[in-house]
Amino acid sequence: MLASMGKSDIMELFESIPERLRLSRPLNLPAPKSEFDLAAYFRDLADRNRTSGDVFLGAGVYDHFAPVVIDHMALRSEWYTAYTPYQPELSQGTLQAIFEFQTMVCQLTGLEVANASLYDGSTAVAEAVLMALRVNKGRHRVVMAASVHPHYRAVVNTYLRNSDVEIVEVGFDSTGRIDLEAAALDGNTAAIVVQSPNFFGVIENLDDICAAARDAGALSVVGVAEAMSLGVLKAPGDSGADIVCGEAQSFGVPMSFGGPFVGFFATREKFVRQLPGRLVGRALDSHGQLGFVLTLSTREQHIRREKATSNICTNQGLFMLMATIYLSTMGRKGLREVAEQNIRKAHEAAARIASLPGYTVKFSGPTFNEFVVSTPRPARQLRDELAAGGIVAGVPLDRYYAGMDNDLLIAVTETASIESIDRLVSALAEFGGAN
Amino acid sequence: MMATYPDDLYYSKDHEWIRVDGETGTIGITDHAQEQLGDVVYVELPAVGATFEAGAPFGSVESVKAVSELYLPIAGEIVEVNAALADTPETVNSDPHGAGWMVRVSIKDAAELSGLMRGAAYTSYVQDEGGE
Amino acid sequence: MGASDVKVPAAAGHIVRNEDLIFERSRAGRQGYHLPDLGIPEKDISSMIPGELLRDDIEGMPEVSEFEVVRHFTRLSTWNYGVDTGLYPLGSCTMKYNPKINESIARFEGFGKAHPLLPEFLSQGSLEILRQLEDALAEITGLPHISLQPAAGAHGELTAMLAIRACHAKRGHVRKTVLIPDSAHGTNPASAIMCGYEVHGVTSTSAGLLDPADVERNMTEDVAALMLTNPNTLGKFEEEIDKVCEIVHAKGGFVYMDGANMNALMGISRPGDMGVDCMHLNLHKTFSTPHGGGGPGAGPIGVVDELEPYLPNPRVARNADGTLQLNFDRPDSIGRVRAFVGNFGVLVRALAYIYTLGADGLREATETAVLNANYIKHRLEDVYALAYEGSVLHEVVFTDRRQQAFGVKNSDIAKRIIDYGFYPPTMSFPLIAPGAIMIEPTETESREELDLFIDSMRAIAEECEQTPDIVRSAPHRTRMGRFDETAAARKPVLRWQPEKGKVAGA
């Protein structure tokens with residue numbers, strides 16, 4: 001090939017890189033590994049993570065059962081080796097899957113339009129706040145419940161750190177729900193952001209929150225970190241939410257140390273031009289056949305550049321696909337059944353733990369599959385001691401909330417066996433006394 | 001393309017036109033602008049009552065793969081918007097100087113009209129631009 | 001093989017059935033799942049959660065069997081074209097082969113089932129992956145500190161620009177504008193604006209390069225940073241990048257490099273050595289992780305010492321005993337840019353790629369990518385006009401200038417190449433090349449595949465002259481013809497809804 005171009009040395013093709021800017025030594029990297037050695041090397045690293053046994057962690061990432069059909073389908077390389085469906089004639093598979101995903105997100109949230117997905121739940125909430133500020137131009141205050149996932153709040157703060165918007169955090173009462181009185185929604189408030197179930201697992205009273213937002217002319221943004229709850233809880237859109245967004249990891253996506261996940265985002269039709277991210281719409285082709293195309297792209301950075309609704313370019317295509325396959329497989333009834341199993345098991349665990357001396361369930365509000373337990377000893381210490389014995393009892397809340405040193409956030413999903421719950425309860429009983 | 005632009009309108013360098021009727025001006029984009037843009041799919045218009053300085057962006061017009069800002073040729077307050085464009089944005093293509101109008105404004109300072117082009121001037125302006 | 005030997009493939013015998021939406025396949029009572037027994041008495045849900053917080057049903061959600069799910073998504077997949085199907089010369093997107101071993105490794109249970117909030121002593125494998133990838137990317141870029149948190153390239157840009165702004169703020173003057181060349185990706189200006197900066201354009205020279213004199217003219221102490229892409233979006237190396245960096249540094253600004261095209265530099269030249277202060281990498285481009293039909297990506301950023309304190313929280317730190325932990329104690333950090341440490345599954349694949357190739361392999365990948373792009377340039381430049389003359393690295397940008405004489409546009413050529421069995425190149429970008437046809441073959445294509453593509457492009461050039469109608473009305477061999485995107489945008493239909501009064505399956 002070189003010779004056909006009249007060249008003799010490959011470096012002649014790099015003439016445009018001045019000598020002074022070339023690396024004069026080989027990169028200092030480990031020697032190349034064969035496939036066999038590579039697999040062994042990574043197997044060893046993988047085995048250094050603890051992933052089996054009794055793990056009761058949630059906090060935005062949930063261990064749910066994922067039917068194998070998901071991975072079998074997702075491994076068809078026509079899906080994962082394609083790019084963004086710019087050319088619809090060669091991308092109908094991805095486009096139709098996105099259209100189905102958008103539809104399912106609308107069905108779950110009770111809203112009218114949904115996008116093709118965002119990076120994760122936290123960035124979805126941050127994008128929701130940015131969108132609310134666009135819709136309510138001229139308003140400079142955003143009210144956010146302190147019971148929104150602390151990582152999500154951190155991301156919102158990062159995204160808005162250079163704006164003139166004031167983010168007001170509002171606390172919670174003994175039910176674990178937002179103290180709505182303290183929110184003081186006013187004519188300068190662009191949005192109120194809550195999460196339901198919130199970080200403590202407590203289901204918020206969305207009817208009241210959305211009504212208060214409506215009265216103040218603010219947008220109600222409902223974050224959902226545990227999408228499985230949508231299988232059984234009232235759709236936030238039916239409570240009047242303007243934006244419902246969050247994390248769809250629960251729908252068949254591996255926990256994978258925190259990503260890649262699937263942010264979802266839905267809103268009302270009248271706000272569609274303010275929606276961030278890609279959108280797929282139905283279209284007719286030259287033969288009159290129904291198909292799908294990327295549409296309303298004028299909102300996006302590749303056309304509107306600095307005036308775009310967001311800088312986002314990709315969506316989470318492959319993981320959006322996995323969520324769509326999960327939802328198709330579980331379907332109308334399965335999703336509800338799984339959600340109900342979560343409720344029953346989590347409530348069973350909560351009741352058993354609450355019966356132990358020194359332990360109480362902290363908040364009185366209704367919960368889905370996660371709840372906060374007040375522990376007789378510092379929760380972090382307790383967690384570490386139990387973890388050494390193979391039980392990861394939950395997330396200690398000391399680093400997230402001042403004064404919550406003795407609080408542990410415990411998640412129980414349908415994958416927790418009754419034996420496993422028994423072991424957790426026994427261990428908490430055993431280690432609960434001071435030592 | 002329209003060979004010559006009528007003299008009953010004033011034209012801006014940003015390719016908006018304005019038809020003056022007493023103290024009110026009707027504003028749209030020119031035939032040249034709609035042709036450059038292609039099939040219009042959406043027109044974003046301001047709220048009635050909003051006021052703008054001359055040359056300020058008051059909305060935008062979109063085709064499938066392009067967006068153009070709309071600039072008010074003269075200062076004024078929006079008194080009416082063409083709500084029909086929400087359902088039939090294609091009117092901007094089919095009748096840009098008529099049914100495809102976008103906003104009506106109450107003119108703040110009629111003297112600003114002298115800074116705009118009339119038909120003949122705009123016709124040659126478009127020809128020059130096309131030849132670039 | 002000459003151009004005249006290349007034909008549109010003969011009529012295919014394969015029939016792919018139409019496939020309804022999954023909602024239209026739905027029939028009441030079908031199910032594709034089987035849950036284990038609950039194991040405890042089934043209490044009434046409304047005894048645990050008040051009834052007014054519950055929903056009755058999820059209207060419209062499908063009810064299908066497992067086999068129907070398989071058939072549905074298998075059929076849909078066959079309507080996609082991936083790099084495993086054939087050459088995918090989408091310029092700027094680096095559609096290279098995605099090694100299969102990396103898919104297997106990312107699915108190891110120890111990775112897939114790792115919860116991000118496990119105590120650190122139970123996450124040492126994950127943390128080790130993060131640390132080793134940081135080390136490898138620091139060596140490849142010449143930038144000493146890497147944050148793996150950003151979820152995609154555009155997210156990396158945003159993160160880096162936030163860090164730059166935080167650094168200026170700490171110095172006492174946040175500055176107002178960011179300089180961006182007219183050849184830049186659209187994400188650059190969008191990211192700068194999200195950080196509260198104004199964008200000021202810098203014009204490219206007639207050679208399609210940055211003009212140091214123009215940068216000098218625009219560079220003031222109110223400019224926070226210059227965002228450039230190198231090699232730029234025309235596939236050209238910014239030959240005076242070190243001088244440009246000096247100009248920016250002299251006024252206290254930072255140089256941000258969009259690393260979308262790092263595929264042309266691995267092992268050859270390092271941005272850190274050029275004077276670049278920070279950059280992002282697209283792991284789904286340069287480091288072979290799958291594009292996934294539009295994500296997930298991963299957009300790690302590398303920075304110089306001065307910007308390190310501002311990187312997102314947390315950072316991976318090594319303890320005295322060799323174990324790793326996450327460090328949150330960084331008061332100047334811009335905070336989190338996403339919920340957890342990064343798109344870990346993507347990071348694992350990228351590290352596996354780097355460890356498979358090693359130093360020599362990465363350099364060879366770069367050399368071959370550049371060789372392939374130049375081969376295409378060499379064999380097509382007599383029939384397609386180059387957007388800009390001169391040498392290119394990993395991609396080449398042609399335009400439709402010559403074909404326009406026959407009334408054929410770049411978008412027509414794009415649709416026609418589909419008939420020859422290829423995915424089209426990138427069109428309509430970069431903006432400084434009207435009628436662009438941007439081709440990036442990557443290193444993983446064989447000469448035979450390149451020749452087939454080249455001969456097809458030459459055959460289309462001939463068609464443009466002799467039978468332009470065939471090109472203008474393409475594609476002819478796909479399941480679907482060209483779409484009416486105008487009508488789709490005027491009256492958007494963005495979801496399926498049950499037809500009123502119609503019962504599914506009736």
# chains A, B, ... in the order shown; residues from 1 in each chain; ligands from 1
$ interface_residues --of "chain A" --to "chain B" --cutoff "7 Å" --atoms "only C-alpha atoms" --output "list in words"
Ser297, Thr298, Ile303 and Arg304 of chain A
$ closest_atom_pairs --of "chain C" --to "chain B" --cutoff "10 Å" --atoms "only C-alpha atoms" --output "Markdown table"
| residue | atom | partner | partner_atom | distance |
| --- | --- | --- | --- | --- |
| C:Ser428 | CA | B:Lys65 | CA | 9.8 |
| C:Glu485 | CA | B:Val64 | CA | 6.8 |
| C:Thr486 | CA | B:Val64 | CA | 5.9 |
| C:Ala487 | CA | B:Val41 | CA | 7.7 |
| C:Ala488 | CA | B:Val41 | CA | 8.9 |
| C:Ala489 | CA | B:Val41 | CA | 5.9 |
| C:Arg490 | CA | B:Val41 | CA | 4.7 |
| C:Lys491 | CA | B:Asp87 | CA | 8.3 |
$ residues_around --residues "Tyr83 in chain A" --least-positions-apart "6" --cutoff "9 Å" --atoms "only C-alpha atoms" --output "PDB file with N, CA, C and O atoms, in the first residue's frame"
ATOM      1  N   SER A  91     -30.336   1.794  10.019  1.00  0.00           N
ATOM      2  CA  SER A  91     -30.378   1.852  11.477  1.00  0.00           C
ATOM      3  C   SER A  91     -31.786   1.644  12.022  1.00  0.00           C
ATOM      4  O   SER A  91     -32.089   2.057  13.138  1.00  0.00           O
ATOM      5  N   GLY A 317     -27.224   4.121  24.241  1.00  0.00           N
ATOM      6  CA  GLY A 317     -27.888   3.220  23.310  1.00  0.00           C
ATOM      7  C   GLY A 317     -27.999   1.770  23.753  1.00  0.00           C
ATOM      8  O   GLY A 317     -29.093   1.219  23.837  1.00  0.00           O
TER       9      GLY A 317
ATOM     10  N   TYR C  81     -26.822  -1.870  10.763  1.00  0.00           N
ATOM     11  CA  TYR C  81     -25.520  -2.125  10.170  1.00  0.00           C
ATOM     12  C   TYR C  81     -24.492  -1.745  11.227  1.00  0.00           C
ATOM     13  O   TYR C  81     -24.512  -0.626  11.747  1.00  0.00           O
ATOM     14  N   GLY C  82     -23.631  -2.684  11.592  1.00  0.00           N
ATOM     15  CA  GLY C  82     -22.584  -2.397  12.567  1.00  0.00           C
ATOM     16  C   GLY C  82     -21.224  -2.584  11.934  1.00  0.00           C
ATOM     17  O   GLY C  82     -21.121  -3.038  10.782  1.00  0.00           O
ATOM     18  N   VAL C  83     -20.180  -2.268  12.674  1.00  0.00           N
ATOM     19  CA  VAL C  83     -18.846  -2.433  12.103  1.00  0.00           C
ATOM     20  C   VAL C  83     -18.546  -3.919  11.908  1.00  0.00           C
ATOM     21  O   VAL C  83     -17.728  -4.303  11.071  1.00  0.00           O
ATOM     22  N   LEU C  90     -17.330   6.210   9.072  1.00  0.00           N
ATOM     23  CA  LEU C  90     -17.924   7.418   9.622  1.00  0.00           C
ATOM     24  C   LEU C  90     -16.826   8.304  10.221  1.00  0.00           C
ATOM     25  O   LEU C  90     -16.320   8.025  11.300  1.00  0.00           O
ATOM     26  N   CYS C  93     -15.663   9.384  13.981  1.00  0.00           N
ATOM     27  CA  CYS C  93     -16.296   8.467  14.925  1.00  0.00           C
ATOM     28  C   CYS C  93     -15.458   7.230  15.216  1.00  0.00           C
ATOM     29  O   CYS C  93     -15.749   6.475  16.132  1.00  0.00           O
ATOM     30  N   MET C  95     -14.776   4.057  13.853  1.00  0.00           N
ATOM     31  CA  MET C  95     -15.495   2.792  13.985  1.00  0.00           C
ATOM     32  C   MET C  95     -14.533   1.642  13.717  1.00  0.00           C
ATOM     33  O   MET C  95     -14.505   1.073  12.631  1.00  0.00           O
ATOM     34  N   PRO C 290     -17.178  -0.618  22.281  1.00  0.00           N
ATOM     35  CA  PRO C 290     -18.254  -0.559  21.298  1.00  0.00           C
ATOM     36  C   PRO C 290     -19.063   0.740  21.383  1.00  0.00           C
ATOM     37  O   PRO C 290     -19.267   1.272  22.467  1.00  0.00           O
ATOM     38  N   HIS C 291     -19.536   1.196  20.239  1.00  0.00           N
ATOM     39  CA  HIS C 291     -20.330   2.421  20.213  1.00  0.00           C
ATOM     40  C   HIS C 291     -21.777   2.170  20.638  1.00  0.00           C
ATOM     41  O   HIS C 291     -22.509   3.100  20.934  1.00  0.00           O
ATOM     42  N   GLY C 292     -22.193   0.919  20.609  1.00  0.00           N
ATOM     43  CA  GLY C 292     -23.480   0.556  21.221  1.00  0.00           C
ATOM     44  C   GLY C 292     -24.714   1.173  20.591  1.00  0.00           C
ATOM     45  O   GLY C 292     -25.726   1.336  21.256  1.00  0.00           O
ATOM     46  N   GLY C 293     -24.641   1.560  19.320  1.00  0.00           N
ATOM     47  CA  GLY C 293     -25.802   2.195  18.710  1.00  0.00           C
ATOM     48  C   GLY C 293     -26.030   3.596  19.253  1.00  0.00           C
ATOM     49  O   GLY C 293     -27.138   4.117  19.222  1.00  0.00           O
ATOM     50  N   GLY C 294     -24.942   4.227  19.743  1.00  0.00           N
ATOM     51  CA  GLY C 294     -25.061   5.586  20.295  1.00  0.00           C
ATOM     52  C   GLY C 294     -24.877   5.549  21.799  1.00  0.00           C
ATOM     53  O   GLY C 294     -25.721   6.022  22.547  1.00  0.00           O
ATOM     54  N   GLY C 295     -23.807   5.003  22.257  1.00  0.00           N
ATOM     55  CA  GLY C 295     -23.488   4.972  23.670  1.00  0.00           C
ATOM     56  C   GLY C 295     -23.623   3.580  24.234  1.00  0.00           C
ATOM     57  O   GLY C 295     -24.260   2.730  23.609  1.00  0.00           O
TER      58      GLY C 295
END
$ residues_around --residues "range 20-27 of chain B" --least-positions-apart "4" --cutoff "8 Å" --atoms "only C-alpha atoms" --output "number ranges by chain"
B: 9, 16, 72, 101-107, 110
$ residues_around --residues "range 148-161 of chain C" --least-positions-apart "3" --cutoff "8 Å" --atoms "only C-alpha atoms" --output "mmCIF file with C-alpha atoms, in the first residue's frame"
data_model
loop_
_atom_site.group_PDB
_atom_site.id
_atom_site.type_symbol
_atom_site.label_atom_id
_atom_site.label_comp_id
_atom_site.auth_asym_id
_atom_site.auth_seq_id
_atom_site.Cartn_x
_atom_site.Cartn_y
_atom_site.Cartn_z
ATOM 1 C CA TYR A 119 -25.909 9.244 30.827
ATOM 2 C CA PRO A 260 -22.690 2.511 32.325
ATOM 3 C CA ASN A 311 -24.011 19.556 25.063
ATOM 4 C CA ILE A 312 -24.984 15.888 25.117
ATOM 5 C CA CYS A 313 -24.119 13.963 21.959
ATOM 6 C CA THR A 314 -24.500 10.265 22.731
ATOM 7 C CA LEU C 130 -9.415 2.407 37.563
ATOM 8 C CA GLU C 134 -5.425 6.122 34.737
ATOM 9 C CA ILE C 164 -10.434 25.390 34.090
ATOM 10 C CA ARG C 165 -13.022 27.839 35.292
ATOM 11 C CA THR C 187 -20.060 19.890 21.519
ATOM 12 C CA ASN C 188 -17.138 22.297 22.157
ATOM 13 C CA SER C 191 -19.820 22.700 26.664
ATOM 14 C CA ALA C 192 -18.131 26.102 27.029
ATOM 15 C CA MET C 194 -22.652 25.349 29.977
ATOM 16 C CA CYS C 195 -19.649 26.538 32.016
ATOM 17 C CA TYR C 256 -7.971 22.312 25.933
ATOM 18 C CA ASP C 258 -10.574 17.630 22.048
ATOM 19 C CA ALA C 260 -11.640 12.664 19.536
ATOM 20 C CA CYS C 278 -6.082 19.248 29.422
ATOM 21 C CA MET C 279 -7.932 16.983 27.044
ATOM 22 C CA HIS C 280 -10.585 14.333 26.865
ATOM 23 C CA LEU C 281 -10.361 10.912 25.293
ATOM 24 C CA ASN C 282 -13.221 9.039 23.669
ATOM 25 C CA PRO C 296 -22.317 4.241 26.210
ATOM 26 C CA GLY C 297 -19.137 6.129 25.686
ATOM 27 C CA ALA C 298 -16.583 7.169 28.242
ATOM 28 C CA GLY C 299 -14.768 10.480 28.180
ATOM 29 C CA PRO C 300 -11.855 10.469 30.637
ATOM 30 C CA ILE C 301 -9.906 13.685 30.897
ATOM 31 C CA LEU C 311 -10.837 17.303 39.018
ATOM 32 C CA PRO C 312 -14.135 15.665 40.008
ATOM 33 C CA VAL C 337 -20.219 15.122 37.307
ATOM 34 C CA ARG C 338 -22.150 11.850 37.538
ATOM 35 C CA PHE C 340 -20.624 7.097 40.512
ATOM 36 C CA VAL C 341 -16.960 6.700 39.513
ATOM 37 C CA GLY C 342 -17.421 6.332 35.778
ATOM 38 C CA ASN C 343 -18.702 4.101 33.003
ATOM 39 C CA LEU C 347 -13.254 1.400 31.278
#
$ atom_distance --atom1 "CA of Ala250 in chain C" --atom2 "CA of Glu216 in chain C"
9.9 Å
$ residues_around --residues "range 167-182 of chain A" --least-positions-apart "6" --cutoff "9 Å" --atoms "only C-alpha atoms" --output "number ranges by chain"
A: 140-147, 157, 160, 194, 198, 200-205, 208-209, 212, 362-366
$ residues_around --residues "Leu386 in chain C" --least-positions-apart "3" --cutoff "9 Å" --atoms "only C-alpha atoms" --output "NGL selection string"
:C and (377 or 381 or 389 or 396-401)
$ write_last_selection --atoms "all heavy atoms" --output "PDB file, in the first residue's frame"
ATOM      1  N   LYS C 377      -7.327   8.379   0.402  1.00  0.00           N
ATOM      2  CA  LYS C 377      -7.114   9.699  -0.193  1.00  0.00           C
ATOM      3  C   LYS C 377      -6.419   9.561  -1.549  1.00  0.00           C
ATOM      4  O   LYS C 377      -6.861  10.124  -2.551  1.00  0.00           O
ATOM      5  CB  LYS C 377      -6.261  10.539   0.758  1.00  0.00           C
ATOM      6  CG  LYS C 377      -5.850  11.897   0.201  1.00  0.00           C
ATOM      7  CD  LYS C 377      -5.083  12.703   1.250  1.00  0.00           C
ATOM      8  CE  LYS C 377      -4.624  14.027   0.702  1.00  0.00           C
ATOM      9  NZ  LYS C 377      -3.160  14.120   0.574  1.00  0.00           N
ATOM     10  N   GLU C 381      -8.681  10.808  -4.757  1.00  0.00           N
ATOM     11  CA  GLU C 381      -8.560  12.262  -4.952  1.00  0.00           C
ATOM     12  C   GLU C 381      -8.647  12.684  -6.417  1.00  0.00           C
ATOM     13  O   GLU C 381      -8.831  13.871  -6.690  1.00  0.00           O
ATOM     14  CB  GLU C 381      -7.315  12.835  -4.266  1.00  0.00           C
ATOM     15  CG  GLU C 381      -6.002  12.363  -4.796  1.00  0.00           C
ATOM     16  CD  GLU C 381      -4.833  12.857  -3.923  1.00  0.00           C
ATOM     17  OE1 GLU C 381      -4.997  13.885  -3.241  1.00  0.00           O
ATOM     18  OE2 GLU C 381      -3.784  12.206  -3.939  1.00  0.00           O
ATOM     19  N   GLU C 389      -6.288  20.810   0.604  1.00  0.00           N
ATOM     20  CA  GLU C 389      -5.119  20.090   0.110  1.00  0.00           C
ATOM     21  C   GLU C 389      -4.194  19.781   1.279  1.00  0.00           C
ATOM     22  O   GLU C 389      -4.364  20.275   2.388  1.00  0.00           O
ATOM     23  CB  GLU C 389      -4.381  20.954  -0.931  1.00  0.00           C
ATOM     24  CG  GLU C 389      -5.180  21.197  -2.213  1.00  0.00           C
ATOM     25  CD  GLU C 389      -5.479  19.916  -3.000  1.00  0.00           C
ATOM     26  OE1 GLU C 389      -4.643  18.989  -2.955  1.00  0.00           O
ATOM     27  OE2 GLU C 389      -6.541  19.832  -3.635  1.00  0.00           O
ATOM     28  N   VAL C 396      -9.822  11.594   6.036  1.00  0.00           N
ATOM     29  CA  VAL C 396      -9.687  12.488   4.888  1.00  0.00           C
ATOM     30  C   VAL C 396     -11.066  13.064   4.565  1.00  0.00           C
ATOM     31  O   VAL C 396     -12.073  12.349   4.626  1.00  0.00           O
ATOM     32  CB  VAL C 396      -9.073  11.745   3.674  1.00  0.00           C
ATOM     33  CG1 VAL C 396      -9.829  10.461   3.361  1.00  0.00           C
ATOM     34  CG2 VAL C 396      -9.018  12.647   2.445  1.00  0.00           C
ATOM     35  N   VAL C 397     -11.094  14.364   4.286  1.00  0.00           N
ATOM     36  CA  VAL C 397     -12.362  15.020   3.986  1.00  0.00           C
ATOM     37  C   VAL C 397     -12.394  15.429   2.509  1.00  0.00           C
ATOM     38  O   VAL C 397     -11.598  16.248   2.066  1.00  0.00           O
ATOM     39  CB  VAL C 397     -12.594  16.253   4.875  1.00  0.00           C
ATOM     40  CG1 VAL C 397     -13.948  16.875   4.576  1.00  0.00           C
ATOM     41  CG2 VAL C 397     -12.486  15.886   6.349  1.00  0.00           C
ATOM     42  N   PHE C 398     -13.297  14.800   1.772  1.00  0.00           N
ATOM     43  CA  PHE C 398     -13.577  15.207   0.392  1.00  0.00           C
ATOM     44  C   PHE C 398     -14.812  16.091   0.417  1.00  0.00           C
ATOM     45  O   PHE C 398     -15.466  16.237   1.447  1.00  0.00           O
ATOM     46  CB  PHE C 398     -13.859  13.978  -0.486  1.00  0.00           C
ATOM     47  CG  PHE C 398     -12.690  13.056  -0.651  1.00  0.00           C
ATOM     48  CD1 PHE C 398     -12.607  11.876   0.083  1.00  0.00           C
ATOM     49  CD2 PHE C 398     -11.665  13.370  -1.533  1.00  0.00           C
ATOM     50  CE1 PHE C 398     -11.521  11.023  -0.064  1.00  0.00           C
ATOM     51  CE2 PHE C 398     -10.576  12.515  -1.694  1.00  0.00           C
ATOM     52  CZ  PHE C 398     -10.504  11.336  -0.958  1.00  0.00           C
ATOM     53  N   THR C 399     -15.141  16.668  -0.754  1.00  0.00           N
ATOM     54  CA  THR C 399     -16.417  17.369  -0.859  1.00  0.00           C
ATOM     55  C   THR C 399     -17.112  16.923  -2.149  1.00  0.00           C
ATOM     56  O   THR C 399     -16.518  16.226  -2.980  1.00  0.00           O
ATOM     57  CB  THR C 399     -16.271  18.904  -0.917  1.00  0.00           C
ATOM     58  OG1 THR C 399     -15.863  19.258  -2.239  1.00  0.00           O
ATOM     59  CG2 THR C 399     -15.263  19.405   0.088  1.00  0.00           C
ATOM     60  N   ASP C 400     -18.351  17.354  -2.280  1.00  0.00           N
ATOM     61  CA  ASP C 400     -19.130  16.979  -3.473  1.00  0.00           C
ATOM     62  C   ASP C 400     -18.999  18.027  -4.585  1.00  0.00           C
ATOM     63  O   ASP C 400     -19.827  18.062  -5.499  1.00  0.00           O
ATOM     64  CB  ASP C 400     -20.602  16.776  -3.090  1.00  0.00           C
ATOM     65  CG  ASP C 400     -21.223  18.044  -2.483  1.00  0.00           C
ATOM     66  OD1 ASP C 400     -20.587  19.117  -2.516  1.00  0.00           O
ATOM     67  OD2 ASP C 400     -22.359  17.948  -1.977  1.00  0.00           O
ATOM     68  N   ARG C 401     -17.956  18.881  -4.507  1.00  0.00           N
ATOM     69  CA  ARG C 401     -17.815  19.980  -5.483  1.00  0.00           C
ATOM     70  C   ARG C 401     -17.954  19.514  -6.927  1.00  0.00           C
ATOM     71  O   ARG C 401     -18.692  20.093  -7.707  1.00  0.00           O
ATOM     72  CB  ARG C 401     -16.451  20.652  -5.294  1.00  0.00           C
ATOM     73  CG  ARG C 401     -16.551  22.012  -4.692  1.00  0.00           C
ATOM     74  CD  ARG C 401     -15.293  22.843  -4.682  1.00  0.00           C
ATOM     75  NE  ARG C 401     -14.016  22.221  -4.645  1.00  0.00           N
ATOM     76  CZ  ARG C 401     -13.309  22.004  -3.522  1.00  0.00           C
ATOM     77  NH1 ARG C 401     -13.810  22.316  -2.349  1.00  0.00           N
ATOM     78  NH2 ARG C 401     -12.115  21.458  -3.580  1.00  0.00           N
TER      79      ARG C 401
END
$ select_by_dssp --residues "range 240-337 of chain A" --states "helix (DSSP H, G or I)" --output "count of residues only"
40
$ closest_residue --among "C:Phe287, C:Phe453, C:Trp496, C:Phe254" --to "chain A" --atoms "only C-alpha atoms"
C:Trp496
$ atom_distance --atom1 "CA of Ile391 in chain A" --atom2 "CA of Arg349 in chain C"
29.6 Å
$ closest_residue --among "A:Gly246, A:Gly281, A:Pro376, A:Pro236" --to "chain C" --atoms "only C-alpha atoms"
A:Gly281
$ atom_distance --atom1 "CA of Ala106 in chain C" --atom2 "CA of Ser92 in chain C"
25.6 Å
